[in-house]
Structures are given as structure tokens and as C-alpha cells.
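First up is the structure itself, then whatever we jot down about it.
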Amino acid sequence: MNTLLVLNITPELEEELVDYLLSLEELGGFTSYSVHGHGEQGRLSIAEQVSGRRKRVQFEILLPEQQVDSLIARLAEEVGKGIYYWQLPVARSGRF
């Protein structure tokens with residue numbers, strides 16, 4: 001079964017993460033886009049607390065479930081801290 005691995009990172013890590021993911025031959029590709037995080041007021045700067053949001057970059061990677069743990073371990077070791085992730089089962093995907 002395929003899994004959608006979602007990575008949510010600080011904008012400062014974006015280029016490093018893009019370069020790293022592009023270097024992985026086993027990945028068929030990924031999607032990234034700018035998002036805003038809300039909540040965790042204690043971790044926000046004063047400006048972020050006033051606006052009520054923090055800039056983040058989100059990545060979506062579709063891959064076989066058995067590859068997820070390995071990728072997460074390598075990301076933690078080779079890219080760095082500040083990556084929040086979750087995974088979702090994908091019942092079906094394809095191309096037209």
C-alpha cells in the first residue's frame with residue numbers, strides 16, 4: 001500500500017530539503033507549497049503571535065509504506081531538526 005508522507009518545515013530548511021529529496025533516486029517526485037502554521041503560541045515570535053500564524057513549507061511525498069521509516073530516519077540524520085511529519089494511507093493513485 002502507498003503512503004502519503006507529509007513534511008512540515010521551517011522556510012529556512014526548504015532548499016536543503018529540496019536538494020536532499022531530489023538526490024534520492026527511489027523517490028518518483030514530491031510536491032511542495034507554502035503554508036501557515038497556527039497554534040503553539042509559546043513557540044511563536046512576538047510578530048507571529050500578533051498575526052496568529054507562522055510561515056512553514058509543506059512537502060507531500062507518495063511512496064510505498066515500507067520505505068517511510070527509512071526515509072524518516074535519514075531525514076532526521078541528514079537534513080536536521082524542525083521537521084514535523086505525518087503519514088496517511090493512500091487507497092488509490094494513478095495517472096490519466
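Ordered as shown in the C-alpha cells, chains take letters A, B, and onward, while each chain numbers its residues from 1 and ligands are numbered from 1 in the order shown.
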
May I have a table of the residues of range 6-45 of chain A lying at most 8 Å from range 51-69 of chain A, giving each one's closest pair of atoms and their distance in Å to one decimal, counting only C-alpha atoms, ordered by chain and ascending residue number, as JSON lines?
```
{"residue": "A:Val6", "atom": "CA", "partner": "A:Glu60", "partner_atom": "CA", "distance": 4.7}
{"residue": "A:Leu7", "atom": "CA", "partner": "A:Phe59", "partner_atom": "CA", "distance": 5.0}
{"residue": "A:Asn8", "atom": "CA", "partner": "A:Gln58", "partner_atom": "CA", "distance": 4.5}
{"residue": "A:Ile9", "atom": "CA", "partner": "A:Val57", "partner_atom": "CA", "distance": 5.3}
{"residue": "A:Thr10", "atom": "CA", "partner": "A:Arg56", "partner_atom": "CA", "distance": 4.9}
{"residue": "A:Pro11", "atom": "CA", "partner": "A:Arg56", "partner_atom": "CA", "distance": 5.6}
{"residue": "A:Glu14", "atom": "CA", "partner": "A:Val57", "partner_atom": "CA", "distance": 6.9}
{"residue": "A:Leu27", "atom": "CA", "partner": "A:Leu63", "partner_atom": "CA", "distance": 7.1}
{"residue": "A:Gly29", "atom": "CA", "partner": "A:Ile61", "partner_atom": "CA", "distance": 7.0}
{"residue": "A:Phe30", "atom": "CA", "partner": "A:Ile61", "partner_atom": "CA", "distance": 4.8}
{"residue": "A:Thr31", "atom": "CA", "partner": "A:Glu60", "partner_atom": "CA", "distance": 5.1}
{"residue": "A:Ser32", "atom": "CA", "partner": "A:Phe59", "partner_atom": "CA", "distance": 4.3}
{"residue": "A:Tyr33", "atom": "CA", "partner": "A:Gln58", "partner_atom": "CA", "distance": 5.5}
{"residue": "A:Ser34", "atom": "CA", "partner": "A:Val57", "partner_atom": "CA", "distance": 4.6}
{"residue": "A:Val35", "atom": "CA", "partner": "A:Arg56", "partner_atom": "CA", "distance": 5.2}
{"residue": "A:His36", "atom": "CA", "partner": "A:Lys55", "partner_atom": "CA", "distance": 4.7}
{"residue": "A:Gly37", "atom": "CA", "partner": "A:Arg54", "partner_atom": "CA", "distance": 5.0}
{"residue": "A:His38", "atom": "CA", "partner": "A:Arg53", "partner_atom": "CA", "distance": 4.8}
{"residue": "A:Gly39", "atom": "CA", "partner": "A:Arg53", "partner_atom": "CA", "distance": 7.3}
{"residue": "A:Leu44", "atom": "CA", "partner": "A:Arg54", "partner_atom": "CA", "distance": 7.0}
```

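Closest approach to Ile72 in chain A among A:Gln87, A:Glu12, A:Arg92, A:Leu22 is made by A:Gln87 (distances from only C-alpha atoms).
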
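CA of Arg95 in chain A is found 22.0 Å from CA of Leu24 in chain A.
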
Please give the complete set of residues from chain A that DSSP, run on the backbone, assigns to helix (DSSP H, G or I), formatted as a VMD selection string.
chain A and resid 11 to 23 41 to 43 46 to 51 65 to 78

Using only N, CA and C atoms, please write the residues we just selected to a file, as an mmCIF file, in the first residue's frame.
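out-v2.cif, written as the output of this step:
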```
data_model
loop_
_atom_site.group_PDB
_atom_site.id
_atom_site.type_symbol
_atom_site.label_atom_id
_atom_site.label_comp_id
_atom_site.auth_asym_id
_atom_site.auth_seq_id
_atom_site.Cartn_x
_atom_site.Cartn_y
_atom_site.Cartn_z
ATOM 1 N N PRO A 11 10.793 27.603 6.769
ATOM 2 C CA PRO A 11 11.277 28.039 5.450
ATOM 3 C C PRO A 11 12.792 27.964 5.295
ATOM 4 N N GLU A 12 13.527 28.084 6.393
ATOM 5 C CA GLU A 12 14.994 28.042 6.332
ATOM 6 C C GLU A 12 15.518 26.688 5.872
ATOM 7 N N LEU A 13 14.757 25.632 6.080
ATOM 8 C CA LEU A 13 15.183 24.291 5.671
ATOM 9 C C LEU A 13 14.782 23.933 4.241
ATOM 10 N N GLU A 14 13.997 24.787 3.598
ATOM 11 C CA GLU A 14 13.405 24.425 2.303
ATOM 12 C C GLU A 14 14.440 24.008 1.253
ATOM 13 N N GLU A 15 15.433 24.811 1.003
ATOM 14 C CA GLU A 15 16.404 24.492 -0.055
ATOM 15 C C GLU A 15 17.176 23.219 0.256
ATOM 16 N N GLU A 16 17.565 23.058 1.507
ATOM 17 C CA GLU A 16 18.300 21.852 1.903
ATOM 18 C C GLU A 16 17.434 20.602 1.701
ATOM 19 N N LEU A 17 16.160 20.702 2.079
ATOM 20 C CA LEU A 17 15.274 19.551 1.936
ATOM 21 C C LEU A 17 14.984 19.254 0.466
ATOM 22 N N VAL A 18 14.776 20.278 -0.337
ATOM 23 C CA VAL A 18 14.560 20.064 -1.775
ATOM 24 C C VAL A 18 15.767 19.355 -2.379
ATOM 25 N N ASP A 19 16.960 19.851 -2.102
ATOM 26 C CA ASP A 19 18.174 19.224 -2.639
ATOM 27 C C ASP A 19 18.292 17.772 -2.194
ATOM 28 N N TYR A 20 17.999 17.526 -0.928
ATOM 29 C CA TYR A 20 18.110 16.162 -0.406
ATOM 30 C C TYR A 20 17.101 15.246 -1.088
ATOM 31 N N LEU A 21 15.854 15.651 -1.160
ATOM 32 C CA LEU A 21 14.828 14.795 -1.773
ATOM 33 C C LEU A 21 15.117 14.541 -3.250
ATOM 34 N N LEU A 22 15.609 15.548 -3.954
ATOM 35 C CA LEU A 22 15.948 15.363 -5.376
ATOM 36 C C LEU A 22 17.104 14.384 -5.562
ATOM 37 N N SER A 23 17.929 14.227 -4.552
ATOM 38 C CA SER A 23 19.067 13.307 -4.652
ATOM 39 C C SER A 23 18.662 11.844 -4.456
ATOM 40 N N GLN A 41 1.412 28.763 20.699
ATOM 41 C CA GLN A 41 1.761 30.170 20.917
ATOM 42 C C GLN A 41 3.118 30.362 21.579
ATOM 43 N N GLY A 42 3.525 29.473 22.457
ATOM 44 C CA GLY A 42 4.804 29.602 23.139
ATOM 45 C C GLY A 42 5.995 29.518 22.215
ATOM 46 N N ARG A 43 5.824 28.924 21.048
ATOM 47 C CA ARG A 43 6.934 28.764 20.103
ATOM 48 C C ARG A 43 6.964 29.872 19.049
ATOM 49 N N ILE A 46 7.129 37.187 18.672
ATOM 50 C CA ILE A 46 6.110 38.190 19.011
ATOM 51 C C ILE A 46 5.318 38.579 17.768
ATOM 52 N N ALA A 47 6.014 38.801 16.641
ATOM 53 C CA ALA A 47 5.306 39.164 15.397
ATOM 54 C C ALA A 47 4.358 38.049 14.964
ATOM 55 N N GLU A 48 4.801 36.800 15.109
ATOM 56 C CA GLU A 48 3.955 35.663 14.746
ATOM 57 C C GLU A 48 2.760 35.555 15.696
ATOM 58 N N GLN A 49 2.977 35.863 16.977
ATOM 59 C CA GLN A 49 1.865 35.836 17.922
ATOM 60 C C GLN A 49 0.821 36.883 17.579
ATOM 61 N N VAL A 50 1.272 38.059 17.136
ATOM 62 C CA VAL A 50 0.342 39.128 16.754
ATOM 63 C C VAL A 50 -0.468 38.715 15.533
ATOM 64 N N SER A 51 0.201 38.134 14.535
ATOM 65 C CA SER A 51 -0.511 37.729 13.313
ATOM 66 C C SER A 51 -1.255 36.409 13.498
ATOM 67 N N GLU A 65 4.628 2.178 1.661
ATOM 68 C CA GLU A 65 4.633 2.243 3.117
ATOM 69 C C GLU A 65 5.927 1.713 3.726
ATOM 70 N N GLN A 66 6.500 0.665 3.144
ATOM 71 C CA GLN A 66 7.708 0.068 3.718
ATOM 72 C C GLN A 66 8.938 0.970 3.597
ATOM 73 N N GLN A 67 8.868 2.053 2.839
ATOM 74 C CA GLN A 67 10.005 2.982 2.714
ATOM 75 C C GLN A 67 9.933 4.159 3.684
ATOM 76 N N VAL A 68 8.804 4.323 4.357
ATOM 77 C CA VAL A 68 8.596 5.509 5.190
ATOM 78 C C VAL A 68 9.572 5.582 6.360
ATOM 79 N N ASP A 69 9.695 4.522 7.143
ATOM 80 C CA ASP A 69 10.567 4.564 8.324
ATOM 81 C C ASP A 69 12.009 4.883 7.955
ATOM 82 N N SER A 70 12.490 4.297 6.875
ATOM 83 C CA SER A 70 13.860 4.554 6.429
ATOM 84 C C SER A 70 14.039 6.020 6.028
ATOM 85 N N LEU A 71 13.076 6.557 5.285
ATOM 86 C CA LEU A 71 13.177 7.952 4.850
ATOM 87 C C LEU A 71 13.143 8.889 6.052
ATOM 88 N N ILE A 72 12.268 8.634 7.010
ATOM 89 C CA ILE A 72 12.189 9.480 8.199
ATOM 90 C C ILE A 72 13.511 9.444 8.967
ATOM 91 N N ALA A 73 14.085 8.277 9.122
ATOM 92 C CA ALA A 73 15.368 8.156 9.831
ATOM 93 C C ALA A 73 16.468 8.930 9.105
ATOM 94 N N ARG A 74 16.511 8.806 7.785
ATOM 95 C CA ARG A 74 17.547 9.513 7.021
ATOM 96 C C ARG A 74 17.339 11.020 7.075
ATOM 97 N N LEU A 75 16.085 11.481 7.026
ATOM 98 C CA LEU A 75 15.807 12.914 7.129
ATOM 99 C C LEU A 75 16.283 13.458 8.474
ATOM 100 N N ALA A 76 16.004 12.727 9.542
ATOM 101 C CA ALA A 76 16.421 13.166 10.878
ATOM 102 C C ALA A 76 17.937 13.262 10.978
ATOM 103 N N GLU A 77 18.623 12.331 10.344
ATOM 104 C CA GLU A 77 20.080 12.288 10.421
ATOM 105 C C GLU A 77 20.754 13.280 9.476
ATOM 106 N N GLU A 78 20.231 13.424 8.272
ATOM 107 C CA GLU A 78 20.949 14.157 7.233
ATOM 108 C C GLU A 78 20.436 15.561 6.940
#
```

Write down as an MDAnalysis selection string the residues belonging to chain A that are assigned strand (DSSP E or B) by DSSP computed on the backbone.
chainID A and resid 2:9 31:37 54:64 84:90

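The space separating CA of Val79 in chain A from CA of Ala91 in chain A comes to 29.4 Å.
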
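Computed from the coordinates, the CA of Ser93 in chain A to CA of Leu5 in chain A distance equals 14.0 Å.
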